[in-house]
Amino acid sequence: MQGKSELMTYFAQQLKVDIGCTRADGLVSLQSTSCTGMCDQGPAGLVNGYALTRLTPSRIDQIVDYVNRDIPLTQWEADLFHVDDNIIKRDLLLNEKPLKGQAISATFARGLRETLAEIELSGLRGRGGAGYTTAWKWTFCSEENATQRYVVCNADEGEPGTFKDRVLLNSYAESVFEGMTIAAAIVGATHGFLYLRGEYLHLLDKLESILAARRAANLLGCNILQKGVDFDIEICLGAGAYICGEESALIESLEGKAGIPRNRPPYPVTQGYLAKPTVVNNVETYVAAANIAIHGGAWFAKLGTAKSKGTKILSISGDCTARGIYEYAFGTTVNTILADCGASDVLGVQVGGPSGVFIANDEFERKIAFEDLATGGSFIIFNNTRSILDIVHNFSHFFAHESCGFCTPCRVGTSLLKKQVDKIVEGHGSAGDIVALEELCQLIKNYSHCGLGQTAANPVLSTLERYPEIYQAMLKKISYEPGFDLDKSLETARRMANRNDAAAHLAQVEN
Amino acid sequence: MTKTFVIDGKTIPFEDGQTIMQAASAAGVYITHLCHNPQFTPHGSCKLCTVNVNGRNCSACTFPASEGQNVTNISKELNEDREKITQMLFVEGNHFCPSCEKTGNCQLQAVAYHLNMTDNHFPHFFENREVDASHPDVMIDHNRCIFCTLCVRASEQVDGKNVFAISGRGIDKRLVVNSPSGLLKDSALDVSDCAAHICPTGAILIKRTGYSVPIGQRIYDHAHIDAVALASEGEAHDH
Ligand SMILES: Cc1cc2nc3c(=O)[nH]c(=O)nc-3n(C[C@H](O)[C@H](O)[C@H](O)COP(=O)(O)O)c2cc1C
Ligand code: SF4
Ligand code: SF4
Ligand code: FES
């Protein structure tokens, strides 16, 4: 989005390597990556798994110099890897910096059952997207008859445009771990996992040392605070695929298998990791739970709407002056948010990432809430210099690339959708193509195995509903045009026949 | 008292732990399917068995039957969508039925007949897929693989060998062979293995047996797949 292709070309020129290739000396290869969770400090890259931020031609020169001199990463200037939090607006959660152990002590002091009751009272719903009531999830898990249970923190954060979990892990990790520990005490789990997005490798050492310090302080390990609760947390690095954020695919990945969503039922709360009852929650959900344990359910529920209590942390990126992290009470309008982050001349906003919804500029009185604009946190602003079709084109390629390929409707459907969108965007669409597009979208949405496929058509469906005229304007005034380029497919034949005269070319259709 | 649920108005008895597919099959109700075979753990990937359960689409081969469910199996919408899912499988690979040894015995083709599919509807991918004819007795034509994983499951669950696996993501998914060279000849596959005979399409074929039954006298030349499936699989589900 931020001059990426120009920078990429510059990088390739300077490194003297083609994009997608390894240089002859084997020192370096250059590849394009999808969103790395750094949209607030892009353009960004990764080197040996570590994030490079705020890339500019001069920073690229510096990197190229290091590469060419074969300087180890540890000796590169630290600023190249510096990741800012960019917290711009704080509310309930981001204002709190509880003392180490405070949430756990409060939980033990109040009692486990009583704390679960506070979490239920708070109305807390999952922050990872689906919005399931957290207290119910914990209750179901605790009621399963099992010898072992697990608590998992989903820090895969793969939805393009979100980076709030990165910030929470960087600056609020103690609360994340306390939230997990409270969940473990309540459901009766002795082992937990933090499933960390591979692109957040730069956070690993820091998180490990926080865990070590917590063990030393008896906030993790055996007999936590002498209350007879045993619990420890292990960090697992993600496999680098968006689908691994889907909870059952995440569990498969934790078990060392390919990230493919399971058949449900059974759900993870009954049969999750190693077929044992497992709670999977988002990073932000645990932070909220830890603070609720300290301040009580009413403290949290005083903000928000009837169906969406408390606050939501948004990752704001795209066309605005202040990209970063904003915490808002649920029920805040898009207009308020746009004013705060300095967005003007706005065409629309993609709320909830590619799987969410694209809202047009006559809908900005709508509210962030589960019952209106539900979001895991991604909020991408597009101004009037952007083209709707470009946006849809990018998202449809994203889903075709991220489909795990397990089920037919998504595996084949997202690739067909990509082709169909390309056909229209490139000006080869004809009258029947919009109907075909919509039909395909419904098929993918209604028959796919998991949330990825079920939402993959959302960018097309939500823009088709709002801007039918933009799609229509791309269509040719003929009744049918084939999906393939006839003349291009003759290229091999021309080469073999050693011909390139006019008669060796065919027009697609008579215009 | 036996527990029951309803499919298209018909009452179906079931036992706890049965899937909708198992109970339906035992009661003589056919639900279209390709990746399901009662001998193996259900997979739930082809989505041809999608039925509507109390208003929600579910895969019958994996979804547990429960008391009082109201299931729609046959409707215009479901059958049209199943036809499109079948068409997706056809355009994804390269299926030239008239020149395929499996024609007439192929479940993909038979399901297409069953759903009255007359064209491929979607644009073809024309993917370049390989043929592995290295093994003395068995060949794989990847052009016809629909990733149902039946060979994977058969090799693992019946032959105890793990000869096959599916690798790759999205449309680049491929069947791979567990051998140092990646070729079938260097794998543990034997022609008598269950995995060599389980493929519902013409992707895995036994060499030197082609056309021993002439075209015109093959399974689905004479019977519909629903009748064939119920006759063979209904029983398997009972056990
Ligand atoms: C394709 C896909 C990707 C997902 N990625 C994430 C993710 O990165 N982080 C997350 O917390 N939830 C993600 N989810 C939602 C999880 O499946 C799950 O609902 C969530 O972790 C539950 O936690 P919560 O109740 O606290 O929201 C994803 C879902 C799908 C379908
Ligand atoms: S919907 Fe897509 S991502 Fe989900 S299981 Fe099916 S192919 Fe995989
Ligand atoms: S080779 Fe046949 S049995 Fe194996 S996955 Fe492909 S279609 Fe299924
Ligand atoms: S038969 Fe159920 S999904 Fe394939």
# chains A, B, ... in the order shown; residues from 1 in each chain; ligands from 1
$ interface_residues --of "chain B" --to "chain A" --cutoff "10 Å" --atoms "only C-alpha atoms" --output "VMD selection string"
chain B and resid 42 to 48 50 to 51 56 to 59 62 to 64 81 to 82 84 to 89 91 to 92 121 to 125 146 to 148 166 to 174
$ closest_atom_pairs --of "chain A" --to "ligand 1" --cutoff "9 Å" --atoms "only C-alpha atoms and all ligand atoms" --output "CSV"
residue,atom,partner,partner_atom_place_in_ligand_line,distance
A:Arg125,CA,ligand 1,25 (O),6.4
A:Gly126,CA,ligand 1,27 (O),3.2
A:Arg127,CA,ligand 1,27 (O),4.0
A:Gly128,CA,ligand 1,27 (O),3.2
A:Gly129,CA,ligand 1,27 (O),5.2
A:Ala130,CA,ligand 1,19 (O),5.1
A:Gly131,CA,ligand 1,27 (O),5.5
A:Tyr132,CA,ligand 1,25 (O),5.2
A:Thr133,CA,ligand 1,25 (O),7.0
A:Thr134,CA,ligand 1,25 (O),6.1
A:Lys137,CA,ligand 1,25 (O),7.9
A:Val152,CA,ligand 1,21 (O),8.7
A:Cys153,CA,ligand 1,21 (O),7.5
A:Asn154,CA,ligand 1,11 (O),4.7
A:Ala155,CA,ligand 1,9 (N),5.6
A:Asp156,CA,ligand 1,8 (O),4.1
A:Glu157,CA,ligand 1,8 (O),3.3
A:Gly158,CA,ligand 1,8 (O),4.6
A:Glu159,CA,ligand 1,8 (O),6.0
A:Thr162,CA,ligand 1,8 (O),8.8
A:Asp165,CA,ligand 1,9 (N),8.4
A:Arg197,CA,ligand 1,8 (O),8.1
A:Tyr242,CA,ligand 1,3 (C),5.7
A:Ile243,CA,ligand 1,1 (C),4.5
A:Cys244,CA,ligand 1,3 (C),6.6
A:Gly245,CA,ligand 1,5 (N),3.4
A:Glu246,CA,ligand 1,17 (O),3.5
A:Glu247,CA,ligand 1,17 (O),3.9
A:Ser248,CA,ligand 1,17 (O),6.9
A:Ala249,CA,ligand 1,17 (O),8.2
A:Leu250,CA,ligand 1,17 (O),8.1
A:Pro261,CA,ligand 1,31 (C),8.7
A:Val279,CA,ligand 1,23 (O),8.3
A:Val280,CA,ligand 1,22 (C),5.4
A:Asn281,CA,ligand 1,26 (O),3.4
A:Asn282,CA,ligand 1,11 (O),3.6
A:Val283,CA,ligand 1,11 (O),6.4
A:Glu284,CA,ligand 1,26 (O),7.2
A:Thr285,CA,ligand 1,26 (O),4.9
A:Tyr286,CA,ligand 1,26 (O),7.4
A:Ser355,CA,ligand 1,1 (C),8.3
A:Gly376,CA,ligand 1,10 (C),7.5
A:Glu402,CA,ligand 1,1 (C),8.6
A:Ser403,CA,ligand 1,1 (C),8.6
A:Cys450,CA,ligand 1,31 (C),5.9
A:Gly451,CA,ligand 1,31 (C),3.6
A:Leu452,CA,ligand 1,1 (C),4.1
A:Gly453,CA,ligand 1,1 (C),7.8
A:Gln454,CA,ligand 1,31 (C),8.2
A:Thr455,CA,ligand 1,31 (C),8.1
$ atom_distance --atom1 "atom CA of B:Val111" --atom2 "atom CA of B:Glu83"
8.6 Å
$ residues_near_ligand --ligand "ligand 3" --cutoff "9 Å" --atoms "only C-alpha atoms and all ligand atoms" --output "ChimeraX atom specification"
/B:34-35,140-142,144-154,164-166,174-175,195-204
$ atom_distance --atom1 "atom CA of A:Val334" --atom2 "atom CA of A:Ile368"
7.2 Å
$ select_by_dssp --residues "stretch 331-460 of chain A" --states "strand (DSSP E or B)" --output "list in words"
Thr333, Val346, Leu347, Gly348, Val349, Gln350, Val351, Val357, Phe358, Ile359, Ala360, Lys367, Ile368, Leu373, Ser378, Phe379, Ile380, Ile381, Phe382 and Asn383 of chain A
$ write_last_selection --atoms "C-alpha atoms" --output "PDB file, in the first residue's frame"
ATOM      1  CA  THR A 333     -19.018   5.730  15.418  1.00  0.00           C
ATOM      2  CA  VAL A 346     -12.370   9.122   2.729  1.00  0.00           C
ATOM      3  CA  LEU A 347     -13.724   6.723   0.126  1.00  0.00           C
ATOM      4  CA  GLY A 348     -14.470   3.915   2.566  1.00  0.00           C
ATOM      5  CA  VAL A 349     -13.166   1.822   5.409  1.00  0.00           C
ATOM      6  CA  GLN A 350     -12.462  -1.892   5.518  1.00  0.00           C
ATOM      7  CA  VAL A 351     -13.574  -2.867   9.014  1.00  0.00           C
ATOM      8  CA  VAL A 357     -16.931  -5.487   5.530  1.00  0.00           C
ATOM      9  CA  PHE A 358     -16.120  -2.517   3.295  1.00  0.00           C
ATOM     10  CA  ILE A 359     -18.275   0.430   4.324  1.00  0.00           C
ATOM     11  CA  ALA A 360     -18.875   3.440   2.095  1.00  0.00           C
ATOM     12  CA  LYS A 367     -20.828   1.849  15.235  1.00  0.00           C
ATOM     13  CA  ILE A 368     -18.035  -0.486  16.225  1.00  0.00           C
ATOM     14  CA  LEU A 373     -19.557  -3.454  12.679  1.00  0.00           C
ATOM     15  CA  SER A 378      -8.441  -4.201  11.742  1.00  0.00           C
ATOM     16  CA  PHE A 379      -9.545  -0.784  10.484  1.00  0.00           C
ATOM     17  CA  ILE A 380      -8.077   0.178   7.101  1.00  0.00           C
ATOM     18  CA  ILE A 381      -8.879   3.590   5.662  1.00  0.00           C
ATOM     19  CA  PHE A 382      -8.987   4.284   1.930  1.00  0.00           C
ATOM     20  CA  ASN A 383      -9.172   7.812   0.566  1.00  0.00           C
TER      21      ASN A 383
END
$ closest_residue --among "A:Ile424, A:Leu225, A:Leu196, A:Ala457" --to "ligand 2" --atoms "only C-alpha atoms and all ligand atoms"
A:Ala457
$ closest_residue --among "B:Asn143, B:Gln107, B:Gln69, B:Ser155" --to "B:His33" --atoms "only C-alpha atoms"
B:Gln107
$ residues_around --residues "B:Val53" --least-positions-apart "2" --cutoff "6 Å" --atoms "only C-alpha atoms" --output "list in words"
Gly55, Arg56, Asn70 and Val71 of chain B
$ write_last_selection --atoms "N, CA and C atoms" --output "PDB file, in the first residue's frame"
ATOM      1  N   GLY B  55     -31.519 -25.496   9.329  1.00  0.00           N
ATOM      2  CA  GLY B  55     -31.212 -24.175   8.771  1.00  0.00           C
ATOM      3  C   GLY B  55     -29.750 -23.898   8.524  1.00  0.00           C
ATOM      4  N   ARG B  56     -28.878 -24.831   8.906  1.00  0.00           N
ATOM      5  CA  ARG B  56     -27.439 -24.603   8.746  1.00  0.00           C
ATOM      6  C   ARG B  56     -26.830 -25.659   7.834  1.00  0.00           C
ATOM      7  N   ASN B  70     -33.850 -31.693  11.903  1.00  0.00           N
ATOM      8  CA  ASN B  70     -34.609 -31.631  10.671  1.00  0.00           C
ATOM      9  C   ASN B  70     -33.635 -31.386   9.525  1.00  0.00           C
ATOM     10  N   VAL B  71     -33.437 -32.422   8.705  1.00  0.00           N
ATOM     11  CA  VAL B  71     -32.397 -32.360   7.680  1.00  0.00           C
ATOM     12  C   VAL B  71     -33.005 -32.267   6.285  1.00  0.00           C
TER      13      VAL B  71
END
$ residues_around --residues "B:Ser192" --least-positions-apart "6" --cutoff "10 Å" --atoms "only C-alpha atoms" --output "list in words"
Asp137, Val138, Asp159 and Ile206 of chain B
$ closest_residue --among "B:Gln109, B:Thr32, B:Asn178, B:Asn120" --to "ligand 4" --atoms "only C-alpha atoms and all ligand atoms"
B:Thr32
$ residues_around --residues "A:Val269" --least-positions-apart "2" --cutoff "10 Å" --atoms "only C-alpha atoms" --output "list in words"
Lys137, Trp138, Thr139, Phe140, Cys141, Ser142, Glu143, Glu144, Arg149, Tyr150, Val151, Pro266, Tyr267, Gln271, Gly272, Tyr273, Ala275, Lys276, Pro277, Thr278, Val279 and Val280 of chain A
$ write_last_selection --atoms "C-alpha atoms" --output "JSON list (two decimals), in the first residue's frame"
[["chain", "number", "residue", "atom", "x", "y", "z"],
["A", 137, "LYS", "CA", -16.22, -20.84, 26.98],
["A", 138, "TRP", "CA", -14.36, -21.19, 30.28],
["A", 139, "THR", "CA", -17.37, -22.76, 31.97],
["A", 140, "PHE", "CA", -17.87, -25.39, 29.24],
["A", 141, "CYS", "CA", -14.20, -26.28, 29.32],
["A", 142, "SER", "CA", -14.22, -26.64, 33.11],
["A", 143, "GLU", "CA", -17.32, -28.84, 33.03],
["A", 144, "GLU", "CA", -15.79, -31.40, 30.66],
["A", 149, "ARG", "CA", -7.00, -29.36, 30.02],
["A", 150, "TYR", "CA", -5.15, -26.65, 28.13],
["A", 151, "VAL", "CA", -5.23, -22.88, 27.81],
["A", 266, "PRO", "CA", -16.26, -31.56, 18.59],
["A", 267, "TYR", "CA", -15.21, -28.01, 19.45],
["A", 271, "GLN", "CA", -11.71, -31.88, 22.39],
["A", 272, "GLY", "CA", -8.89, -29.51, 21.60],
["A", 273, "TYR", "CA", -5.15, -29.96, 21.99],
["A", 275, "ALA", "CA", -8.17, -34.21, 22.20],
["A", 276, "LYS", "CA", -8.37, -32.60, 25.66],
["A", 277, "PRO", "CA", -10.66, -29.71, 26.59],
["A", 278, "THR", "CA", -8.94, -26.52, 25.49],
["A", 279, "VAL", "CA", -9.69, -22.83, 25.88],
["A", 280, "VAL", "CA", -8.46, -20.71, 22.96]]
$ select_by_dssp --residues "stretch 115-338 of chain A" --states "helix (DSSP H, G or I)" --output "PyMOL selection string"
chain A and resi 115-122+134-143+164-171+173-187+198-216+242-245+247-254+273-275+283-295+297-301+334-338
$ residues_around --residues "stretch 1-15 of chain B" --least-positions-apart "5" --cutoff "12 Å" --atoms "only C-alpha atoms" --output "PyMOL selection string"
chain B and resi 20-31+51-54+60+64-75+237-238
$ atom_distance --atom1 "atom CA of A:Ala51" --atom2 "atom CA of A:Arg23"
21.0 Å
$ closest_residue --among "A:Lys16, A:His397, A:Lys4, A:Lys445" --to "ligand 2" --atoms "only C-alpha atoms and all ligand atoms"
A:Lys445
$ closest_residue --among "A:His82, A:Lys164, A:Arg214, A:His295" --to "A:Pro98" --atoms "only C-alpha atoms"
A:His295
$ residues_around --residues "B:His224" --least-positions-apart "6" --cutoff "9 Å" --atoms "only C-alpha atoms" --output "ChimeraX atom specification"
/B:110-111,113-114
